[in-house]
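Note sheet for the following structure.
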Amino acid sequence: MSAMYGHADDDWLMRAHGDIDQWAAVMDVDADDRPIDWNWVRTLDLVHGVGVATVHDCDTGASSDVHDLLRRDLMIRDRLEAILTCCDRVFMTDYDRLIPSYRLPRALAHANRRLNDEINLLRDRGVAEGLWTVAYEHRERVTVPVLQAAEGAPAVDDIQDRTAELVNGRAERRKRAREQRGAGDRLMVAANLEGAIAAGGAAADEGTTAASPIGSDWRDVYLPGRGLDAVMGVDIETTGTDPLRDYIIDVGFEYMNMVTPRPQDAPAGMPYVDSSYQAGDAYGQARLGFGVTRANAWHGNETIRNLTGIDVKMRSSSQWRLFDEWPQAQRGLLMRLEQQPFVAHNANFEHRFFLHNVAGYAESYRAGHIVIIDTMPMSRRWDEGSAPSEAHPYGDNSLESYAKRQGALPGDSSERHLGLEDAHIMLVAMKRHLTALREAHRGPWGPDGVSGTGGKRAKGRRW
């Protein structure tokens, strides 16, 4: 399948094989609790492709068995993704630094994206040959393609996409584990309280505070602190929501100071696609566009074209370099991410894509050099307009809704779903929101606020 790939720097992909022993020393099982066969990982050709099909196998009418090729490719993807799903947690909790580099997971993700392209083209071939039809169904946390065998054609049970089964199963296991940990913590607290009552006759309650009406949430670690000022807003557009399968095709970023004035000598940056957008306090604007593999372009992506206006069918020519194969672009973005806190809306999305695309990002984040702030929990916790409703059980916290409530986007306008424009309305909304919160002594200036910049950063183990 290498003919449908981009033009990879083969060197780093080959060097990634040298990291396998380090990972094998600390990572025994995959996300489905199965032992990892690292010898199988060693057999994977990360340069030319890990799938079983060739470029000609994806052509309609090819003599090869498309059913068998698809079945084998799906098995490889399931196996590979079960390993990749654990790599982030293992790397970040490797306190002894037995694994110095995240290069191997990036290389495996690089290969898996191209394997996913191959799977899509094999499905397309089956449709074109009248073997099956494809419909998309939302199943709890993911949307998956569902095959329906054509009349008289072989059954398709063994080539159905198992993503929903796997992802939802892992989520349920994580939920049960959290509940068990929570039950254990509650028992420990109860035991401590019983001891305190036995010793002193009553349990002290000094220093307790009323619980938040929305309860604690893991996203709260991304909230800003009262000392925040200069930030870089980032927004990315991708070919889908999965960093192990999808490509970054558009990155937009700009800078804004939350307190101090805009630097007088700050670069003007590039204009927005909509003339109604005014830079205001923003500076240093930039927009970066990237390509996709030829296989991804051949498959097409109408959903992304309708959402963003970006047609991936036009993004496989030599003028569009792939982000995961452009070291200079990755280094440039990483340098900016390290210089000050970066802000995103639903920041875990950007974080996961950066982990699996940007050389050095995982290492820098683990070392505590990257601080991430998220405007989504700002909306959820500090914006009364996002109160839960029947239509939005967890509140309406989309970027578009948040920006409109903060006056950063007119009520009759829509989110553009382009990196630079979305980063801009996010920062404008954030600054207006923080200004109002400061005046009301709420948010970072309230009882649950923190000093300094706030945000999430890796702190490592405290000995």
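Letters A, B, ... go to the chains of the structure tokens in the order shown; residues in each chain start at 1; ligands are counted from 1 in the same order.
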
Do you have, as CSV, the list of residues of stretch 242-269 of chain A lying at most 12 Å from stretch 297-308 of chain A, each with its nearest atom pair and that distance in Å to one decimal, counting only C-alpha atoms and ordered by chain then number?
```
residue,atom,partner,partner_atom,distance
A:Asp246,CA,A:Asn301,CA,11.1
A:Tyr247,CA,A:Ala297,CA,11.3
A:Ile248,CA,A:Ile304,CA,11.7
A:Ile249,CA,A:Ile304,CA,10.3
A:Asp250,CA,A:Thr308,CA,9.7
```

DSSP on the backbone, alpha helix (DSSP H) only: what residues of stretch 326-407 of chain A does that give? Format it as number ranges by chain.
A: 327-339, 347-355, 361-366, 375-382, 399-405

Save out the residues we just selected, C-alpha atoms, as a PDB file, in the first residue's frame.
```pdb
ATOM      1  CA  PRO A 327       8.998  17.336  11.164  1.00  0.00           C
ATOM      2  CA  GLN A 328       9.566  21.072  10.695  1.00  0.00           C
ATOM      3  CA  ALA A 329       5.870  21.870  11.102  1.00  0.00           C
ATOM      4  CA  GLN A 330       5.698  19.673  14.189  1.00  0.00           C
ATOM      5  CA  ARG A 331       8.749  21.333  15.761  1.00  0.00           C
ATOM      6  CA  GLY A 332       7.376  24.796  15.033  1.00  0.00           C
ATOM      7  CA  LEU A 333       4.049  24.020  16.672  1.00  0.00           C
ATOM      8  CA  LEU A 334       5.685  22.334  19.679  1.00  0.00           C
ATOM      9  CA  MET A 335       7.919  25.349  20.250  1.00  0.00           C
ATOM     10  CA  ARG A 336       4.861  27.583  20.426  1.00  0.00           C
ATOM     11  CA  LEU A 337       2.959  25.204  22.689  1.00  0.00           C
ATOM     12  CA  GLU A 338       5.807  25.259  25.200  1.00  0.00           C
ATOM     13  CA  GLN A 339       6.182  29.038  25.428  1.00  0.00           C
ATOM     14  CA  ALA A 347      -8.688  20.487  24.952  1.00  0.00           C
ATOM     15  CA  ASN A 348      -8.348  16.732  25.381  1.00  0.00           C
ATOM     16  CA  PHE A 349      -9.176  16.466  21.669  1.00  0.00           C
ATOM     17  CA  GLU A 350      -6.162  18.551  20.632  1.00  0.00           C
ATOM     18  CA  HIS A 351      -4.000  16.904  23.294  1.00  0.00           C
ATOM     19  CA  ARG A 352      -4.690  13.390  21.984  1.00  0.00           C
ATOM     20  CA  PHE A 353      -3.995  14.383  18.378  1.00  0.00           C
ATOM     21  CA  PHE A 354      -0.761  16.142  19.367  1.00  0.00           C
ATOM     22  CA  LEU A 355       0.391  13.085  21.330  1.00  0.00           C
ATOM     23  CA  TYR A 361       5.018  16.632  22.451  1.00  0.00           C
ATOM     24  CA  ALA A 362       4.414  13.659  24.760  1.00  0.00           C
ATOM     25  CA  GLU A 363       7.914  13.962  26.194  1.00  0.00           C
ATOM     26  CA  SER A 364       7.547  17.708  26.755  1.00  0.00           C
ATOM     27  CA  TYR A 365       4.117  17.316  28.330  1.00  0.00           C
ATOM     28  CA  ARG A 366       5.343  14.574  30.669  1.00  0.00           C
ATOM     29  CA  THR A 375     -12.714  26.795  27.867  1.00  0.00           C
ATOM     30  CA  MET A 376     -15.258  23.959  27.926  1.00  0.00           C
ATOM     31  CA  PRO A 377     -15.123  23.489  31.720  1.00  0.00           C
ATOM     32  CA  MET A 378     -15.183  27.299  32.022  1.00  0.00           C
ATOM     33  CA  SER A 379     -18.505  27.189  30.201  1.00  0.00           C
ATOM     34  CA  ARG A 380     -19.747  24.240  32.197  1.00  0.00           C
ATOM     35  CA  ARG A 381     -18.815  25.476  35.664  1.00  0.00           C
ATOM     36  CA  TRP A 382     -18.873  29.272  35.485  1.00  0.00           C
ATOM     37  CA  LEU A 399     -17.838  26.405  21.336  1.00  0.00           C
ATOM     38  CA  GLU A 400     -20.541  28.084  19.270  1.00  0.00           C
ATOM     39  CA  SER A 401     -22.957  28.338  22.208  1.00  0.00           C
ATOM     40  CA  TYR A 402     -20.262  29.496  24.628  1.00  0.00           C
ATOM     41  CA  ALA A 403     -18.991  32.159  22.199  1.00  0.00           C
ATOM     42  CA  LYS A 404     -22.530  33.456  21.600  1.00  0.00           C
ATOM     43  CA  ARG A 405     -23.287  33.701  25.311  1.00  0.00           C
TER      44      ARG A 405
END
```

Measuring between only C-alpha atoms, which one of A:Leu223, A:Met314, A:Ala149, A:Leu108 shows the shortest distance to A:Arg77?
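Closest to A:Arg77 of all the choices is A:Leu108.
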
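For the pair atom CA of A:Gln340 and atom CA of A:Val234, the interatomic distance is 12.0 Å.
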
Counting only C-alpha atoms, what is within 12 Å of A:Arg15, bar same-chain residues fewer than 2 positions away, as a list in words?
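Once the nearby chain positions are removed, what remains is Asp9, Asp10, Asp11, Trp12, Leu13, His17, Gly18, Asp19, Ile20, Arg42, Asp45, Leu46, Val47, Ser101, Tyr102, Arg103, Leu104, Arg106 and Ala107 of chain A.
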
A:Ala391, A:Cys58, A:Met75, A:Val259 ranked by distance to A:Asp158, top pick (using only C-alpha atoms):
A:Met75

For stretch 138-145 of chain A, work out the shell of residues within 7 Å, counting only C-alpha atoms and skipping chain neighbours fewer than 5 positions away, then give it as a count of residues only.
4

Would you pick out the contacts of stretch 109-121 of chain A at 6 Å or less, using only C-alpha atoms, so that residues sharing its chain but fewer than 6 positions from it are not included, and give the list as a VMD selection string?
chain A and resid 46 51 58 244 to 245 295 to 296

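The coordinates place atom CA of A:Met14 at 19.3 Å from atom CA of A:Ile76.
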
Which value, in Å to one decimal, gives the distance between atom CA of A:Glu390 and atom CA of A:Glu415?
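Computing the Euclidean distance for atom CA of A:Glu390 and atom CA of A:Glu415 yields 22.9 Å.
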
Which residues are near stretch 268-275 of chain A? Cut-off 12 Å, only C-alpha atoms, ignore same chain within fewer than 2 positions. Put them as a ChimeraX atom specification.
/A:252-255,262-266,277-288,309,409,413-425

Counting only C-alpha atoms, the option among A:Ile310, A:Leu228, A:Ile159, A:Ala31 closest to A:Arg174:
A:Ala31

Fewer than 6 positions away in the same chain doesn't count, so skip those; otherwise give me all residues within 12 Å of A:Leu131, counting only C-alpha atoms, as a ChimeraX atom specification.
/A:60-61,65-67,122-125,147-156

Dump of N, CA and C atoms for the selected residues, as a short mmCIF file (atom, residue, chain, number, x, y, z; two decimals), in the first residue's frame:
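Full text of again_29.cif as output:
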```cif
data_model
loop_
_atom_site.label_atom_id
_atom_site.label_comp_id
_atom_site.auth_asym_id
_atom_site.auth_seq_id
_atom_site.Cartn_x
_atom_site.Cartn_y
_atom_site.Cartn_z
N THR A 60 -11.61 -1.77 -8.07
CA THR A 60 -12.82 -2.55 -8.37
C THR A 60 -12.50 -3.59 -9.44
N GLY A 61 -12.92 -4.84 -9.19
CA GLY A 61 -12.69 -5.91 -10.15
C GLY A 61 -11.37 -6.62 -10.00
N ASP A 65 -9.26 -11.66 -3.19
CA ASP A 65 -10.46 -11.87 -2.38
C ASP A 65 -10.63 -10.69 -1.43
N VAL A 66 -11.51 -9.75 -1.77
CA VAL A 66 -11.67 -8.53 -0.98
C VAL A 66 -12.20 -8.84 0.41
N HIS A 67 -13.05 -9.86 0.52
CA HIS A 67 -13.61 -10.24 1.81
C HIS A 67 -12.48 -10.68 2.76
N LEU A 122 -11.09 -0.94 0.83
CA LEU A 122 -11.56 -2.31 0.62
C LEU A 122 -13.08 -2.37 0.79
N ARG A 123 -13.60 -1.63 1.75
CA ARG A 123 -15.07 -1.57 1.88
C ARG A 123 -15.68 -0.95 0.62
N ASP A 124 -15.06 0.13 0.14
CA ASP A 124 -15.55 0.78 -1.09
C ASP A 124 -15.56 -0.20 -2.26
N ARG A 125 -14.51 -1.01 -2.35
CA ARG A 125 -14.45 -1.99 -3.45
C ARG A 125 -15.60 -2.99 -3.34
N LEU A 147 -22.10 -3.26 7.65
CA LEU A 147 -22.23 -3.88 6.34
C LEU A 147 -23.49 -4.75 6.27
N GLN A 148 -24.15 -4.69 5.12
CA GLN A 148 -25.31 -5.55 4.84
C GLN A 148 -25.01 -6.31 3.56
N ALA A 149 -24.95 -7.64 3.66
CA ALA A 149 -24.61 -8.46 2.50
C ALA A 149 -25.68 -8.32 1.42
N ALA A 150 -25.24 -8.23 0.18
CA ALA A 150 -26.17 -8.19 -0.94
C ALA A 150 -26.80 -9.56 -1.12
N GLU A 151 -27.95 -9.59 -1.76
CA GLU A 151 -28.65 -10.86 -1.99
C GLU A 151 -27.76 -11.81 -2.78
N GLY A 152 -27.58 -13.02 -2.26
CA GLY A 152 -26.77 -14.01 -2.95
C GLY A 152 -25.29 -13.90 -2.67
N ALA A 153 -24.87 -12.84 -1.97
CA ALA A 153 -23.44 -12.65 -1.66
C ALA A 153 -23.11 -13.33 -0.33
N PRO A 154 -21.83 -13.61 -0.08
CA PRO A 154 -21.44 -14.23 1.19
C PRO A 154 -21.82 -13.38 2.39
N ALA A 155 -22.02 -14.03 3.53
CA ALA A 155 -22.33 -13.32 4.77
C ALA A 155 -21.16 -12.42 5.15
N VAL A 156 -21.47 -11.38 5.93
CA VAL A 156 -20.44 -10.38 6.28
C VAL A 156 -20.20 -10.30 7.79
#
```
